[in-house]
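Chemist: Pasting a structure below so you can have a look.
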Amino acid sequence: MEKIKPFYVLDVPVYPYTMDGAVNFLNSQIKNKKQTFVVTANAEIIMMCQKDAGYKKIVCGEADLVLADGAGTVWAGRKLGHNVPERVAGCDLFVELCKLAAKKDYKVFFFGAAPGIAEAARDKLLAVAPGLVVAGCRNGYFKEEENAEIIEEINNSGADMLFIALGAPKQENWLARFRAELKPNVLMGVGGSFDVLAGKMDRAPLWMQKASLEWLFRLYKQPSRIGRMMVLPQFVVKVLQSKK
Ligand code: UDP
């Protein structure tokens, strides 16, 4: 399946897929055994790219599919005159891909978060994706010398999709570094999604998600995020300046 054309937000290519479009595209990539590195780019990630040249190279040059996560990215795309059909949030795409896996007999591997969290997320997912085969779970706290063993564990599991929850930019840096050695066809960073599914971290109520206020809810739940969130007004200013 041919990839659609991206639009650019502060030099970051964003592919304006709908949720269904993204799932169909990734399904065809798995069928064709084409490894696809997915980044769901919110405003924070796009701002990290402005400040970290190495990370920018990964998101802009090495990721195969960058999707519009977060109200900020959708707003920016539309403000810059592009047709952005909808937000494709990483956590939602992760759940949809698990449903696809259950339907098509693809295996998944969950790598990241604190001990026990990936397993708890798996148990919750089985309710919405019955029959899902989670070929392995591994927590995200490890030493440099454990990388080889982690890669082997992932490859030996026979997983078709690898979901990695180390937070940005760590998860993308890890995937970019090791993708050539990894066998799964879908490689995707999912940030705090395992925590959300495990019930360790609440997701904003639907009305807040629809009103583009999920960021406010996260700030209310984790006030320590304020430092990270200070980049959001800078993002707005930079996008408006790039429009001129
Ligand atoms: N994490 C991890 N290993 C690390 C650092 C973080 O497994 O060395 C996990 C952490 O436990 C959490 C996730 O990565 O589950 C990061 O979540 P956060 O909400 O910060 O990510 P975001 O969605 O904002 O990228």
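Going through the structure tokens in order, the chains are called A, B, and so on, while each chain numbers its residues from 1 and the ligands are numbered from 1 in the order shown.
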Skip segment 93-107 of chain A itself and residues of its chain fewer than 3 positions away, then list as a PyMOL selection string all residues within 8 Å of it, counting only C-alpha atoms.

Modeler: chain A and resi 19+23+27+88-90+125+128-135+158-161+163+190+193

Chemist: Find the residues near ligand 1. Use a cut-off of 8 Å, count only C-alpha atoms and all ligand atoms, and write them as a list in words.

Modeler: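 Answer in the requested format: Phe111, Gly112, Ala113, Ala114, Ile117, Asn139, Gly140, Tyr141, Phe142, Ala165, Leu166, Gly167, Ala168, Pro169, Lys170, Val190, Gly191, Gly192, Ser193, Phe194 and Asp195 of chain A.
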
Chemist: Would you put the residues from that selection into a file with all heavy atoms, as a tab-separated table (two decimals), in the first residue's frame?

Modeler:
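Generated file (out_18.tsv):
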chain	number	residue	atom	x	y	z
A	111	PHE	N	7.20	-3.96	25.72
A	111	PHE	CA	8.48	-3.67	26.38
A	111	PHE	C	8.43	-2.27	26.98
A	111	PHE	O	8.22	-1.30	26.27
A	111	PHE	CB	9.60	-3.79	25.32
A	111	PHE	CG	10.95	-3.26	25.73
A	111	PHE	CD1	11.42	-3.39	27.03
A	111	PHE	CD2	11.78	-2.65	24.79
A	111	PHE	CE1	12.67	-2.90	27.40
A	111	PHE	CE2	13.03	-2.16	25.14
A	111	PHE	CZ	13.48	-2.28	26.46
A	112	GLY	N	8.57	-2.19	28.31
A	112	GLY	CA	8.62	-0.88	28.95
A	112	GLY	C	7.74	-0.78	30.18
A	112	GLY	O	7.03	-1.71	30.53
A	113	ALA	N	7.84	0.35	30.86
A	113	ALA	CA	7.13	0.67	32.11
A	113	ALA	C	7.69	-0.14	33.28
A	113	ALA	O	8.56	-1.00	33.10
A	113	ALA	CB	5.63	0.51	31.97
A	114	ALA	N	7.16	0.11	34.46
A	114	ALA	CA	7.67	-0.53	35.68
A	114	ALA	C	7.30	-2.01	35.69
A	114	ALA	O	6.37	-2.43	34.98
A	114	ALA	CB	7.07	0.19	36.90
A	117	ILE	N	3.65	-3.84	35.00
A	117	ILE	CA	2.68	-2.96	34.32
A	117	ILE	C	2.31	-3.49	32.93
A	117	ILE	O	1.12	-3.49	32.56
A	117	ILE	CB	3.25	-1.51	34.22
A	117	ILE	CG1	3.47	-0.91	35.61
A	117	ILE	CG2	2.35	-0.62	33.38
A	117	ILE	CD1	2.22	-0.63	36.41
A	139	ASN	N	9.88	-5.36	31.44
A	139	ASN	CA	9.80	-4.00	31.98
A	139	ASN	C	10.88	-3.11	31.36
A	139	ASN	O	11.82	-3.59	30.73
A	139	ASN	CB	9.84	-4.00	33.51
A	139	ASN	CG	11.23	-4.22	34.04
A	139	ASN	OD1	12.11	-3.37	33.91
A	139	ASN	ND2	11.45	-5.40	34.61
A	140	GLY	N	10.72	-1.80	31.55
A	140	GLY	CA	11.58	-0.83	30.85
A	140	GLY	C	12.74	-0.31	31.67
A	140	GLY	O	13.28	0.75	31.35
A	141	TYR	N	13.11	-1.02	32.73
A	141	TYR	CA	14.24	-0.56	33.54
A	141	TYR	C	15.38	-1.57	33.38
A	141	TYR	O	15.28	-2.70	33.85
A	141	TYR	CB	13.78	-0.34	34.98
A	141	TYR	CG	12.80	0.82	35.00
A	141	TYR	CD1	11.44	0.61	34.78
A	141	TYR	CD2	13.25	2.13	35.11
A	141	TYR	CE1	10.54	1.69	34.70
A	141	TYR	CE2	12.36	3.21	35.04
A	141	TYR	CZ	11.02	2.98	34.84
A	141	TYR	OH	10.16	4.04	34.74
A	142	PHE	N	16.41	-1.16	32.65
A	142	PHE	CA	17.46	-2.09	32.27
A	142	PHE	C	18.78	-1.35	32.12
A	142	PHE	O	18.82	-0.13	32.00
A	142	PHE	CB	17.10	-2.76	30.93
A	142	PHE	CG	16.82	-1.77	29.82
A	142	PHE	CD1	17.80	-1.44	28.90
A	142	PHE	CD2	15.59	-1.15	29.72
A	142	PHE	CE1	17.56	-0.50	27.89
A	142	PHE	CE2	15.33	-0.21	28.72
A	142	PHE	CZ	16.32	0.11	27.80
A	165	ALA	N	7.37	1.22	25.68
A	165	ALA	CA	6.92	2.31	26.55
A	165	ALA	C	8.05	2.77	27.45
A	165	ALA	O	8.13	2.39	28.62
A	165	ALA	CB	5.73	1.83	27.39
A	166	LEU	N	8.95	3.58	26.89
A	166	LEU	CA	10.05	4.13	27.70
A	166	LEU	C	9.92	5.65	27.79
A	166	LEU	O	10.77	6.31	28.38
A	166	LEU	CB	11.41	3.79	27.07
A	166	LEU	CG	11.74	2.32	26.80
A	166	LEU	CD1	13.11	2.19	26.14
A	166	LEU	CD2	11.71	1.50	28.09
A	167	GLY	N	8.86	6.21	27.18
A	167	GLY	CA	8.72	7.66	27.10
A	167	GLY	C	9.57	8.20	25.96
A	167	GLY	O	10.53	7.56	25.52
A	168	ALA	N	9.18	9.39	25.46
A	168	ALA	CA	9.97	10.05	24.41
A	168	ALA	C	11.03	10.92	25.09
A	168	ALA	O	10.74	11.51	26.13
A	168	ALA	CB	9.05	10.91	23.54
A	169	PRO	N	12.26	11.01	24.61
A	169	PRO	CA	12.78	10.45	23.35
A	169	PRO	C	13.42	9.07	23.49
A	169	PRO	O	13.87	8.51	22.51
A	169	PRO	CB	13.87	11.47	22.98
A	169	PRO	CG	14.43	11.90	24.32
A	169	PRO	CD	13.26	11.90	25.28
A	170	LYS	N	13.42	8.52	24.72
A	170	LYS	CA	14.17	7.29	24.97
A	170	LYS	C	13.69	6.14	24.06
A	170	LYS	O	14.50	5.40	23.49
A	170	LYS	CB	14.00	6.90	26.44
A	170	LYS	CG	15.03	5.95	26.93
A	170	LYS	CD	15.00	5.80	28.44
A	170	LYS	CE	16.13	4.87	28.84
A	170	LYS	NZ	16.11	4.55	30.25
A	190	VAL	N	5.05	3.92	22.69
A	190	VAL	CA	3.70	4.20	23.19
A	190	VAL	C	3.68	5.00	24.49
A	190	VAL	O	2.62	5.12	25.12
A	190	VAL	CB	2.86	2.89	23.35
A	190	VAL	CG1	2.58	2.26	21.99
A	190	VAL	CG2	3.52	1.89	24.28
A	191	GLY	N	4.83	5.56	24.88
A	191	GLY	CA	4.87	6.45	26.05
A	191	GLY	C	4.26	5.84	27.29
A	191	GLY	O	4.62	4.73	27.69
A	192	GLY	N	3.30	6.54	27.88
A	192	GLY	CA	2.69	6.07	29.12
A	192	GLY	C	1.49	5.15	28.92
A	192	GLY	O	0.72	4.92	29.86
A	193	SER	N	1.31	4.60	27.72
A	193	SER	CA	0.10	3.81	27.43
A	193	SER	C	-0.07	2.58	28.29
A	193	SER	O	-1.19	2.22	28.66
A	193	SER	CB	0.08	3.38	25.95
A	193	SER	OG	0.08	4.49	25.12
A	194	PHE	N	1.03	1.90	28.62
A	194	PHE	CA	0.88	0.69	29.47
A	194	PHE	C	0.33	1.11	30.84
A	194	PHE	O	-0.52	0.42	31.41
A	194	PHE	CB	2.21	-0.05	29.66
A	194	PHE	CG	2.83	-0.63	28.41
A	194	PHE	CD1	4.13	-1.12	28.45
A	194	PHE	CD2	2.14	-0.71	27.22
A	194	PHE	CE1	4.73	-1.68	27.32
A	194	PHE	CE2	2.72	-1.25	26.07
A	194	PHE	CZ	4.03	-1.73	26.13
A	195	ASP	N	0.83	2.24	31.34
A	195	ASP	CA	0.35	2.73	32.65
A	195	ASP	C	-1.13	3.06	32.58
A	195	ASP	O	-1.89	2.76	33.50
A	195	ASP	CB	1.12	4.00	33.06
A	195	ASP	CG	2.57	3.72	33.36
A	195	ASP	OD1	2.85	2.79	34.14
A	195	ASP	OD2	3.43	4.41	32.81

Chemist: Interatomic distance between atom CA of Gly189 of chain A and atom CA of Val237 of chain A?

Modeler: 27.0 Å

Chemist: Do you know which residues are at most 9 Å from Gly70 of chain A counting only C-alpha atoms, after dropping those on the same chain fewer than 4 positions away, and could you put them as a PyMOL selection string?

Modeler: chain A and resi 40-43+74-75+87-90+212+214-215

Chemist: For those residues, write all heavy atoms to a file as an mmCIF file, in the first residue's frame.

Modeler:
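Saved to out-v4.cif:
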data_model
loop_
_atom_site.group_PDB
_atom_site.id
_atom_site.type_symbol
_atom_site.label_atom_id
_atom_site.label_comp_id
_atom_site.auth_asym_id
_atom_site.auth_seq_id
_atom_site.Cartn_x
_atom_site.Cartn_y
_atom_site.Cartn_z
ATOM 1 N N THR A 40 4.078 8.546 17.101
ATOM 2 C CA THR A 40 2.870 9.379 17.215
ATOM 3 C C THR A 40 3.342 10.698 17.826
ATOM 4 O O THR A 40 3.691 10.771 18.999
ATOM 5 C CB THR A 40 1.776 8.683 18.066
ATOM 6 O OG1 THR A 40 2.322 8.310 19.315
ATOM 7 C CG2 THR A 40 1.225 7.453 17.367
ATOM 8 N N ALA A 41 3.361 11.722 16.966
ATOM 9 C CA ALA A 41 4.023 12.980 17.334
ATOM 10 C C ALA A 41 3.059 13.993 17.927
ATOM 11 O O ALA A 41 2.203 14.543 17.234
ATOM 12 C CB ALA A 41 4.708 13.567 16.101
ATOM 13 N N ASN A 42 3.214 14.235 19.226
ATOM 14 C CA ASN A 42 2.471 15.337 19.831
ATOM 15 C C ASN A 42 3.367 16.585 19.802
ATOM 16 O O ASN A 42 4.514 16.521 19.344
ATOM 17 C CB ASN A 42 1.999 14.984 21.252
ATOM 18 C CG ASN A 42 3.145 14.562 22.153
ATOM 19 O OD1 ASN A 42 4.305 14.855 21.879
ATOM 20 N ND2 ASN A 42 2.828 13.875 23.224
ATOM 21 N N ALA A 43 2.836 17.698 20.312
ATOM 22 C CA ALA A 43 3.583 18.959 20.249
ATOM 23 C C ALA A 43 4.908 18.848 21.012
ATOM 24 O O ALA A 43 5.925 19.399 20.590
ATOM 25 C CB ALA A 43 2.732 20.088 20.821
ATOM 26 N N VAL A 74 -2.585 18.502 15.637
ATOM 27 C CA VAL A 74 -3.765 18.653 14.762
ATOM 28 C C VAL A 74 -4.015 20.142 14.517
ATOM 29 O O VAL A 74 -4.216 20.579 13.368
ATOM 30 C CB VAL A 74 -5.007 17.978 15.399
ATOM 31 C CG1 VAL A 74 -6.263 18.285 14.599
ATOM 32 C CG2 VAL A 74 -4.792 16.467 15.498
ATOM 33 N N TRP A 75 -3.976 20.939 15.573
ATOM 34 C CA TRP A 75 -4.173 22.385 15.441
ATOM 35 C C TRP A 75 -3.154 22.983 14.481
ATOM 36 O O TRP A 75 -3.492 23.756 13.581
ATOM 37 C CB TRP A 75 -4.055 23.055 16.818
ATOM 38 C CG TRP A 75 -3.932 24.544 16.722
ATOM 39 C CD1 TRP A 75 -4.950 25.445 16.584
ATOM 40 C CD2 TRP A 75 -2.694 25.307 16.705
ATOM 41 N NE1 TRP A 75 -4.432 26.724 16.488
ATOM 42 C CE2 TRP A 75 -3.057 26.663 16.550
ATOM 43 C CE3 TRP A 75 -1.342 24.975 16.791
ATOM 44 C CZ2 TRP A 75 -2.101 27.686 16.495
ATOM 45 C CZ3 TRP A 75 -0.395 25.974 16.738
ATOM 46 C CH2 TRP A 75 -0.777 27.326 16.593
ATOM 47 N N ARG A 87 -7.216 13.308 15.047
ATOM 48 C CA ARG A 87 -6.079 13.001 15.887
ATOM 49 C C ARG A 87 -5.929 11.474 15.951
ATOM 50 O O ARG A 87 -6.922 10.756 16.057
ATOM 51 C CB ARG A 87 -6.394 13.553 17.282
ATOM 52 C CG ARG A 87 -5.406 13.173 18.317
ATOM 53 C CD ARG A 87 -5.827 13.733 19.682
ATOM 54 N NE ARG A 87 -4.879 13.248 20.667
ATOM 55 C CZ ARG A 87 -5.146 13.088 21.943
ATOM 56 N NH1 ARG A 87 -6.344 13.383 22.406
ATOM 57 N NH2 ARG A 87 -4.238 12.638 22.766
ATOM 58 N N VAL A 88 -4.693 11.008 15.865
ATOM 59 C CA VAL A 88 -4.448 9.575 16.031
ATOM 60 C C VAL A 88 -3.560 9.439 17.270
ATOM 61 O O VAL A 88 -2.330 9.480 17.189
ATOM 62 C CB VAL A 88 -3.774 8.971 14.772
ATOM 63 C CG1 VAL A 88 -3.552 7.475 14.950
ATOM 64 C CG2 VAL A 88 -4.639 9.223 13.528
ATOM 65 N N ALA A 89 -4.202 9.322 18.417
ATOM 66 C CA ALA A 89 -3.455 9.282 19.679
ATOM 67 C C ALA A 89 -2.732 7.946 19.807
ATOM 68 O O ALA A 89 -3.289 6.890 19.478
ATOM 69 C CB ALA A 89 -4.399 9.489 20.851
ATOM 70 N N GLY A 90 -1.497 8.009 20.304
ATOM 71 C CA GLY A 90 -0.688 6.803 20.436
ATOM 72 C C GLY A 90 -1.395 5.712 21.226
ATOM 73 O O GLY A 90 -1.412 4.555 20.810
ATOM 74 N N SER A 212 -10.189 18.837 23.191
ATOM 75 C CA SER A 212 -8.743 19.085 23.046
ATOM 76 C C SER A 212 -8.101 19.517 24.365
ATOM 77 O O SER A 212 -7.198 20.348 24.394
ATOM 78 C CB SER A 212 -8.468 20.147 21.969
ATOM 79 O OG SER A 212 -8.985 19.717 20.749
ATOM 80 N N GLU A 214 -6.922 17.259 26.767
ATOM 81 C CA GLU A 214 -6.258 16.144 27.433
ATOM 82 C C GLU A 214 -4.984 16.611 28.159
ATOM 83 O O GLU A 214 -4.661 16.144 29.249
ATOM 84 C CB GLU A 214 -5.913 15.049 26.417
ATOM 85 C CG GLU A 214 -5.407 13.805 27.110
ATOM 86 C CD GLU A 214 -5.661 12.516 26.355
ATOM 87 O OE1 GLU A 214 -5.953 12.575 25.152
ATOM 88 O OE2 GLU A 214 -5.553 11.460 26.996
ATOM 89 N N TRP A 215 -4.262 17.559 27.573
ATOM 90 C CA TRP A 215 -3.027 18.083 28.166
ATOM 91 C C TRP A 215 -3.303 18.672 29.547
ATOM 92 O O TRP A 215 -2.511 18.521 30.470
ATOM 93 C CB TRP A 215 -2.414 19.142 27.238
ATOM 94 C CG TRP A 215 -3.323 20.311 26.991
ATOM 95 C CD1 TRP A 215 -4.277 20.397 26.024
ATOM 96 C CD2 TRP A 215 -3.399 21.518 27.749
ATOM 97 N NE1 TRP A 215 -4.952 21.596 26.129
ATOM 98 C CE2 TRP A 215 -4.426 22.307 27.181
ATOM 99 C CE3 TRP A 215 -2.702 22.021 28.857
ATOM 100 C CZ2 TRP A 215 -4.773 23.560 27.683
ATOM 101 C CZ3 TRP A 215 -3.058 23.278 29.349
ATOM 102 C CH2 TRP A 215 -4.077 24.021 28.761
#

Chemist: For Glu44 of chain A, find every residue with an atom within 9 Å (counting only C-alpha atoms), except residues of its own chain fewer than 3 positions away, and show them as a ChimeraX atom specification.

Modeler: /A:41,47-49,72,168,228-229,231-232,235

Chemist: Could the residues in this selection be saved with C-alpha atoms as a PDB file, in the first residue's frame?

Modeler:
ATOM      1  CA  ALA A  41       4.023  12.980  17.334  1.00  0.00           C
ATOM      2  CA  MET A  47       9.435  20.608  20.136  1.00  0.00           C
ATOM      3  CA  MET A  48      12.019  18.008  21.237  1.00  0.00           C
ATOM      4  CA  CYS A  49      13.008  17.821  17.567  1.00  0.00           C
ATOM      5  CA  GLY A  72      -1.357  20.635  19.301  1.00  0.00           C
ATOM      6  CA  ALA A 168       9.972  10.049  24.411  1.00  0.00           C
ATOM      7  CA  ARG A 228       7.662  19.682  30.080  1.00  0.00           C
ATOM      8  CA  MET A 229       4.460  21.526  29.231  1.00  0.00           C
ATOM      9  CA  VAL A 231       7.134  24.032  25.590  1.00  0.00           C
ATOM     10  CA  LEU A 232       3.491  24.135  24.430  1.00  0.00           C
ATOM     11  CA  PHE A 235       5.187  25.469  20.031  1.00  0.00           C
TER      12      PHE A 235
END

Chemist: DSSP on the backbone, strand (DSSP E or B) only: what residues of segment 99-215 of chain A does that give? Format it as a PyMOL selection string.

Modeler: chain A and resi 107-112+133-138+161-165+186-189

Chemist: If you run DSSP over the backbone, which residues in segment 101-199 of chain A end up helix (DSSP H, G or I)? Put them as a ChimeraX atom specification.

Modeler: /A:101-104,117-128,144-156,170-181,193-198

Chemist: May I have the selected residues written with C-alpha atoms, as a compact mmCIF listing (two decimals), in the first residue's frame?

Modeler:
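Okay, out-v1.txt is ready:
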# COMPACT_ATOMS: atom_id res chain seq x y z
CA ALA A 101 -3.47 -8.47 16.05
CA ALA A 102 -6.18 -10.53 17.76
CA LYS A 103 -8.20 -10.66 14.52
CA LYS A 104 -5.28 -11.49 12.22
CA ILE A 117 2.68 -2.96 34.32
CA ALA A 118 3.00 -4.48 30.83
CA GLU A 119 1.41 -7.69 32.14
CA ALA A 120 -1.44 -5.71 33.74
CA ALA A 121 -1.97 -3.84 30.45
CA ARG A 122 -2.09 -7.19 28.64
CA ASP A 123 -4.76 -8.48 31.00
CA LYS A 124 -6.90 -5.38 30.41
CA LEU A 125 -6.43 -5.59 26.63
CA LEU A 126 -7.67 -9.17 26.54
CA ALA A 127 -11.14 -7.82 27.41
CA VAL A 128 -11.25 -5.64 24.26
CA GLU A 144 23.11 -0.93 28.75
CA GLU A 145 24.63 -4.42 28.87
CA GLU A 146 21.14 -5.98 28.82
CA ASN A 147 20.25 -4.64 25.37
CA ALA A 148 21.45 -7.73 23.47
CA GLU A 149 19.42 -10.03 25.72
CA ILE A 150 16.31 -7.83 25.34
CA ILE A 151 16.61 -7.89 21.53
CA GLU A 152 17.01 -11.65 21.58
CA GLU A 153 13.96 -12.05 23.81
CA ILE A 154 11.87 -9.90 21.45
CA ASN A 155 13.08 -11.72 18.32
CA ASN A 156 12.68 -15.20 19.82
CA LYS A 170 14.17 7.29 24.97
CA GLN A 171 11.84 4.89 23.14
CA GLU A 172 12.52 6.36 19.68
CA ASN A 173 16.27 6.52 20.36
CA TRP A 174 16.23 2.85 21.36
CA LEU A 175 14.23 1.80 18.29
CA ALA A 176 16.42 3.79 15.90
CA ARG A 177 19.55 2.29 17.42
CA PHE A 178 18.39 -1.31 17.25
CA ARG A 179 15.80 -1.49 14.48
CA ALA A 180 18.18 -3.28 12.08
CA GLU A 181 18.48 -6.12 14.61
CA SER A 193 0.10 3.81 27.43
CA PHE A 194 0.88 0.69 29.47
CA ASP A 195 0.35 2.73 32.65
CA VAL A 196 -2.96 4.06 31.31
CA LEU A 197 -4.22 0.61 30.36
CA ALA A 198 -3.00 -0.97 33.58

Chemist: Rounded to one decimal, what separation in Å do you get between atom CA of Asn83 of chain A and atom CA of Gly54 of chain A?

Modeler: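 Spanning atom CA of Asn83 of chain A to atom CA of Gly54 of chain A is a straight-line distance of 28.9 Å.
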
Chemist: Between atom CA of Cys137 of chain A and atom CA of Ser157 of chain A, what distance in Å does the model show, to one decimal?

Modeler: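 Those two atoms sit 9.8 Å apart.
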